[in-house]
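Have a look at final-v2.txt; it's compact mmCIF, C-alpha atoms:
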```txt
# COMPACT_ATOMS: atom_id res chain seq x y z
CA MET C 1 10.27 54.57 41.25
CA PRO C 2 6.92 55.51 39.68
CA ILE C 3 4.71 58.45 40.51
CA THR C 4 2.11 57.04 42.93
CA PHE C 5 -1.21 58.79 43.15
CA ALA C 6 -4.25 57.74 45.21
CA LEU C 7 -7.86 58.85 45.29
CA THR C 8 -9.88 58.02 48.39
CA GLY C 9 -13.38 58.77 49.60
CA LYS C 10 -16.80 57.32 50.16
CA GLY C 11 -18.50 55.53 47.29
CA GLY C 12 -20.42 57.98 45.14
CA SER C 13 -18.03 60.87 45.74
CA GLY C 14 -16.76 60.74 42.15
CA LYS C 15 -13.48 58.85 42.54
CA THR C 16 -13.85 56.91 39.32
CA THR C 17 -14.54 60.05 37.30
CA LEU C 18 -11.43 61.72 38.73
CA VAL C 19 -9.28 58.62 38.21
CA LYS C 20 -10.17 58.72 34.53
CA GLY C 21 -9.62 62.48 34.44
CA PHE C 22 -6.15 62.18 35.95
CA ALA C 23 -5.25 59.29 33.65
CA LYS C 24 -6.13 61.54 30.71
CA LEU C 25 -4.13 64.44 32.18
CA PHE C 26 -1.05 62.29 32.81
CA ARG C 27 -1.24 61.00 29.25
CA GLU C 28 -1.21 64.59 27.99
CA ILE C 29 1.75 65.59 30.18
CA TYR C 30 3.72 62.36 29.72
CA PRO C 31 2.55 60.79 26.42
CA GLU C 32 5.43 58.28 26.35
CA LYS C 33 5.13 57.11 29.95
CA SER C 34 3.34 53.96 31.09
CA ILE C 35 0.35 54.22 33.42
CA LEU C 36 -1.18 51.57 35.66
CA LEU C 37 -4.71 52.09 36.98
CA PHE C 38 -5.02 50.04 40.17
CA ASP C 39 -8.69 49.47 41.02
CA ASN C 40 -8.79 48.81 44.76
CA ASP C 41 -12.47 49.75 45.04
CA LEU C 42 -14.82 46.86 45.79
CA SER C 43 -17.34 48.16 43.25
CA GLY C 44 -14.85 47.36 40.47
CA GLU C 45 -16.58 49.86 38.19
CA LEU C 46 -13.45 51.45 36.72
CA GLY C 47 -13.17 48.76 34.04
CA HIS C 48 -16.77 49.34 32.96
CA THR C 49 -16.01 52.99 32.19
CA TYR C 50 -13.52 51.73 29.59
CA GLY C 51 -16.00 49.22 28.21
CA LYS C 52 -14.29 46.28 29.93
CA ASP C 53 -16.04 43.62 32.01
CA ILE C 54 -13.09 42.49 34.12
CA ARG C 55 -13.60 39.29 36.08
CA LYS C 56 -10.00 38.30 36.79
CA THR C 57 -8.64 39.91 39.94
CA ILE C 58 -5.75 39.80 42.40
CA TYR C 59 -8.15 38.13 44.81
CA GLY C 60 -8.75 35.40 42.24
CA ILE C 61 -5.02 34.63 42.15
CA ARG C 62 -4.71 34.63 45.92
CA SER C 63 -7.75 32.37 46.37
CA GLY C 64 -6.53 29.88 43.77
CA LYS C 65 -9.48 30.53 41.44
CA HIS C 66 -7.48 32.18 38.66
CA GLU C 67 -7.07 30.30 35.39
CA LEU C 68 -4.14 31.39 33.25
CA LYS C 69 -4.78 32.40 29.65
CA THR C 70 -1.50 30.71 28.71
CA GLY C 71 0.18 27.49 29.77
CA LEU C 72 2.19 27.43 32.99
CA PRO C 73 5.93 26.91 32.47
CA GLU C 74 7.48 23.97 34.27
CA LYS C 75 9.54 24.28 37.47
CA MET C 76 8.04 27.63 38.40
CA SER C 77 8.25 28.73 42.05
CA LYS C 78 5.15 30.04 43.85
CA GLN C 79 6.56 33.59 43.75
CA GLU C 80 7.20 33.29 40.01
CA TYR C 81 3.69 31.93 39.50
CA ILE C 82 2.12 34.90 41.30
CA GLU C 83 4.15 37.35 39.23
CA TRP C 84 3.20 35.47 36.07
CA ALA C 85 -0.48 35.46 37.06
CA LEU C 86 -0.48 39.20 37.83
CA GLU C 87 0.79 39.89 34.33
CA ASP C 88 -1.97 37.63 33.06
CA ILE C 89 -4.81 39.72 34.58
CA ILE C 90 -3.57 43.13 33.42
CA VAL C 91 -5.99 44.64 30.90
CA PRO C 92 -4.83 47.31 28.42
CA VAL C 93 -7.50 50.05 28.24
CA GLU C 94 -5.74 52.78 26.22
CA ASP C 95 -2.34 53.39 24.65
CA ASN C 96 0.24 53.06 27.45
CA VAL C 97 -2.55 52.63 30.04
CA ASP C 98 -3.21 49.30 31.79
CA LEU C 99 -5.78 48.35 34.42
CA ILE C 100 -5.61 45.77 37.19
CA VAL C 101 -8.40 44.97 39.67
CA SER C 102 -7.76 44.01 43.29
CA TRP C 103 -11.23 43.29 44.74
CA LEU C 104 -11.21 41.54 48.16
CA VAL C 105 -7.96 41.74 50.12
CA PRO C 106 -6.72 39.81 53.16
CA SER C 107 -6.36 41.23 56.63
CA LYS C 108 -2.99 42.88 57.21
CA ASP C 109 -2.63 40.52 60.19
CA CYS C 110 -2.88 37.46 57.94
CA ARG C 111 0.37 35.52 58.32
CA CYS C 112 -0.14 33.00 55.52
CA PRO C 113 2.80 32.85 53.07
CA MET C 114 0.58 33.82 50.12
CA THR C 115 -0.10 37.27 51.64
CA SER C 116 3.58 38.14 51.82
CA LEU C 117 4.33 36.68 48.39
CA MET C 118 1.45 38.59 46.83
CA ARG C 119 2.45 41.86 48.44
CA ASP C 120 6.01 41.47 47.11
CA ALA C 121 4.73 40.60 43.64
CA VAL C 122 2.34 43.57 43.51
CA THR C 123 5.13 45.90 44.64
CA LYS C 124 7.36 44.57 41.86
CA LEU C 125 4.56 45.00 39.32
CA ILE C 126 3.95 48.61 40.32
CA SER C 127 7.64 49.44 40.02
CA ALA C 128 7.54 48.48 36.32
CA TYR C 129 5.30 51.48 35.51
CA ASP C 130 6.06 55.19 35.36
CA ILE C 131 2.75 56.31 36.91
CA VAL C 132 0.35 54.38 39.14
CA ILE C 133 -3.11 55.71 40.00
CA PHE C 134 -4.95 53.96 42.85
CA ASP C 135 -8.75 54.04 42.94
CA CYS C 136 -9.16 53.28 46.63
CA GLU C 137 -11.88 51.71 48.74
CA PHE C 138 -12.75 54.46 51.27
CA ASP C 139 -9.25 55.11 52.68
CA LEU C 140 -5.62 54.03 52.32
CA LYS C 141 -5.84 51.25 54.89
CA TYR C 142 -7.56 48.87 52.49
CA LEU C 143 -4.95 49.56 49.81
CA ASN C 144 -2.14 49.05 52.31
CA GLN C 145 -3.39 45.54 52.97
CA VAL C 146 -2.54 44.49 49.42
CA VAL C 147 0.53 46.64 48.74
CA ASP C 148 2.75 48.62 51.07
CA THR C 149 4.19 51.46 49.00
CA ASP C 150 4.90 55.14 49.41
CA ILE C 151 2.16 57.39 48.01
CA ASP C 152 3.31 60.69 46.53
CA VAL C 153 -0.13 62.33 46.61
CA THR C 154 -3.41 61.24 48.18
CA LEU C 155 -6.60 63.12 47.37
CA VAL C 156 -9.59 62.75 49.70
CA LEU C 157 -12.80 63.34 47.77
CA ALA C 158 -15.93 64.77 49.33
CA LEU C 159 -19.24 66.20 48.21
CA PRO C 160 -20.35 69.71 49.29
CA THR C 161 -22.40 68.51 52.27
CA GLU C 162 -21.72 68.56 55.98
CA GLU C 163 -21.97 64.77 56.25
CA SER C 164 -19.52 64.22 53.40
CA LEU C 165 -16.98 66.76 54.66
CA LEU C 166 -17.07 65.33 58.18
CA LEU C 167 -16.48 61.87 56.73
CA ALA C 168 -13.60 63.26 54.64
CA LYS C 169 -11.97 64.50 57.83
CA ARG C 170 -12.18 60.99 59.27
CA ILE C 171 -10.78 59.47 56.08
CA GLU C 172 -7.88 61.90 56.22
CA GLU C 173 -7.17 60.87 59.81
CA PHE C 174 -7.47 57.14 59.02
CA SER C 175 -5.17 57.44 55.99
CA ALA C 176 -2.45 59.69 57.38
CA LYS C 177 -0.23 56.91 58.72
CA TYR C 178 -0.35 55.07 55.39
CA ALA C 179 0.51 58.10 53.28
CA ALA C 180 4.19 57.77 54.23
CA GLY C 181 4.70 61.52 54.45
CA GLY C 182 3.28 62.20 51.01
CA GLN C 183 0.99 65.11 50.24
CA MET C 184 -2.64 64.69 51.27
CA GLY C 185 -5.38 67.10 50.32
CA LEU C 186 -9.14 67.54 50.30
CA VAL C 187 -10.96 67.90 46.99
CA ILE C 188 -14.63 68.83 47.00
CA ASN C 189 -16.47 67.47 44.00
CA ARG C 190 -19.73 68.42 42.21
CA VAL C 191 -19.74 71.97 43.49
CA LYS C 192 -22.35 74.49 42.35
CA PRO C 193 -21.67 78.25 42.61
CA ASP C 194 -24.20 78.71 45.42
CA ASP C 195 -22.49 75.95 47.47
CA MET C 196 -19.41 78.08 48.21
CA PRO C 197 -20.63 80.02 51.29
CA LYS C 198 -21.72 76.80 53.00
CA ILE C 199 -18.46 75.07 52.03
CA HIS C 200 -16.32 77.81 53.59
CA GLU C 201 -18.45 77.67 56.73
CA LEU C 202 -17.99 73.91 57.02
CA LEU C 203 -14.25 74.05 56.33
CA THR C 204 -13.88 76.44 59.25
CA LYS C 205 -16.18 74.40 61.48
CA TYR C 206 -14.19 71.19 60.98
CA SER C 207 -10.72 72.74 60.58
CA LEU C 208 -10.30 71.39 57.06
CA ASP C 209 -7.95 72.70 54.38
CA MET C 210 -9.28 72.49 50.85
CA LEU C 211 -6.87 71.78 48.01
CA ALA C 212 -9.35 72.24 45.17
CA ILE C 213 -12.96 72.15 44.05
CA ILE C 214 -14.41 70.38 41.04
CA PRO C 215 -17.51 72.07 39.54
CA GLU C 216 -20.60 69.98 38.96
CA ASP C 217 -20.88 68.66 35.42
CA GLU C 218 -24.56 68.48 34.52
CA ASN C 219 -23.68 66.15 31.64
CA LEU C 220 -22.80 63.49 34.23
CA ALA C 221 -26.15 63.82 35.97
CA GLY C 222 -27.44 60.92 33.90
CA LYS C 223 -24.57 58.81 35.28
CA SER C 224 -22.74 58.49 31.99
CA LEU C 225 -21.02 55.10 32.05
CA SER C 226 -17.82 56.44 30.48
CA ARG C 227 -17.41 59.07 33.26
CA ASN C 228 -15.66 61.31 30.72
CA SER C 229 -16.07 65.00 31.57
CA ALA C 230 -14.57 68.08 29.94
CA THR C 231 -15.53 70.07 33.06
CA VAL C 232 -13.58 67.71 35.32
CA SER C 233 -10.60 67.61 32.93
CA GLU C 234 -10.33 71.40 32.91
CA ALA C 235 -10.60 71.61 36.72
CA LEU C 236 -7.82 69.03 37.15
CA LYS C 237 -5.54 71.00 34.84
CA GLN C 238 -6.14 74.11 36.93
CA PHE C 239 -4.97 72.61 40.23
CA TYR C 240 -2.42 70.06 39.01
CA PHE C 241 0.41 72.51 39.76
CA ARG C 242 -0.50 72.37 43.46
CA LEU C 243 0.36 68.70 43.67
CA ASN C 244 3.78 67.72 44.98
CA LEU C 245 4.49 65.19 42.26
CA PRO C 246 7.88 64.22 40.81
CA ASP C 247 8.61 65.52 37.31
CA LEU C 248 9.23 62.65 34.89
CA ARG C 249 9.99 64.78 31.84
CA ASN C 250 13.74 64.74 32.44
CA LYS C 251 13.88 61.06 33.32
CA GLY C 252 14.41 58.20 30.93
```
Any chance you could put this one into structure tokens?
Amino acid sequence: MPITFALTGKGGSGKTTLVKGFAKLFREIYPEKSILLFDNDLSGELGHTYGKDIRKTIYGIRSGKHELKTGLPEKMSKQEYIEWALEDIIVPVEDNVDLIVSWLVPSKDCRCPMTSLMRDAVTKLISAYDIVIFDCEFDLKYLNQVVDTDIDVTLVLALPTEESLLLAKRIEEFSAKYAAGGQMGLVINRVKPDDMPKIHELLTKYSLDMLAIIPEDENLAGKSLSRNSATVSEALKQFYFRLNLPDLRNKG
């Protein structure tokens, strides 16, 4: 089974920047392992940070709008077609790093055969990688509607404001039942030194436990499209040891 890692939070909280930061960190720790970036955020901006304009999505396959880049083999079952099509929309973005985009997902209550077939196919796809990083839409519920898998670690991102921290508490509550017993922690992003007293006050007020803080990177103030940040990378290295993740170094 792969390491499964999810980042949740309201749009604008910095999820995409941290997804890229963790992808970089995992590549450094496990240079030979395969990584899948699973963009479950409706903004679909993760591909743009790698210079990719990705139009083919899991939703496109499910809705019947996907056109295969290669010919379709004869006598293929619907399940085989879905698995084939998923492979077709994977986009390599770096050495050993692939990206797939979900976009719209069906309701979990949808009973059409395609929903079940797609969920099984996505689960099979994920299992082929060593590490899977999910860039989530708000909370884990939306991700769970497209794939039902255990999540080793879920990080809830928030900004250093009362509104954002209160929302993070709600996201944590909404996501808890989908985390399957995995570690869940609050990460406060874009923190300035003079934010700390207010942050500690708010953590106490809302009974929140903070796993880590990410300092503000002024170089990202201009909304750099690449979202690359040395400040973020260093902060992730500092708290990585607090994450309850499996160690892949001794596994083939």
Worksheet item: With all atoms listed in the file as the atoms that count, which of C:Gly60, C:Cys112, C:Leu117, C:Ala176 lies nearest to Glu80 of chain C?
Response: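 Looking at the shortest contact to Glu80 of chain C, the residue is C:Leu117.
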Item to complete: Using only C-alpha atoms, pick whichever of C:Ile126, C:Val105, C:Met114, C:Leu99 has the shortest atom-to-atom distance to Tyr142 of chain C.
Response: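 Distance minimum relative to Tyr142 of chain C lands on C:Val105.
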Discussion item. Between atom CA of Asp195 of chain C and atom CA of Thr161 of chain C, what distance in Å does the model show, to one decimal?
Written reply: 8.9 Å
Practice prompt. Find, counting only C-alpha atoms, the residue in C:Asn228, C:Thr123, C:Asn219, C:Ser34 that gets nearest to Asp95 of chain C.
Written response: C:Ser34
Fill in: Surrounding residues of Thr49 of chain C excluding itself and chain neighbours under 5 positions, 10 Å, all atoms listed in the file, as JSON, numbers by chain
{"C": [16, 17, 20, 93, 224, 225, 226, 227, 228]}
Fill in: Contacts of Val91 of chain C within 9 Å, only C-alpha atoms, excl. fewer than 6 positions in-chain, as a PyMOL selection string
chain C and resi 47+52+54+97-100
I need the chosen residues saved as a tab-separated table (two decimals), in the coordinates of the input, with C-alpha atoms.
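again.tsv, written as the output of this step:
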```
chain	number	residue	atom	x	y	z
C	47	GLY	CA	-13.17	48.76	34.04
C	52	LYS	CA	-14.29	46.28	29.93
C	54	ILE	CA	-13.09	42.49	34.12
C	97	VAL	CA	-2.55	52.63	30.04
C	98	ASP	CA	-3.21	49.30	31.79
C	99	LEU	CA	-5.78	48.35	34.42
C	100	ILE	CA	-5.61	45.77	37.19
```
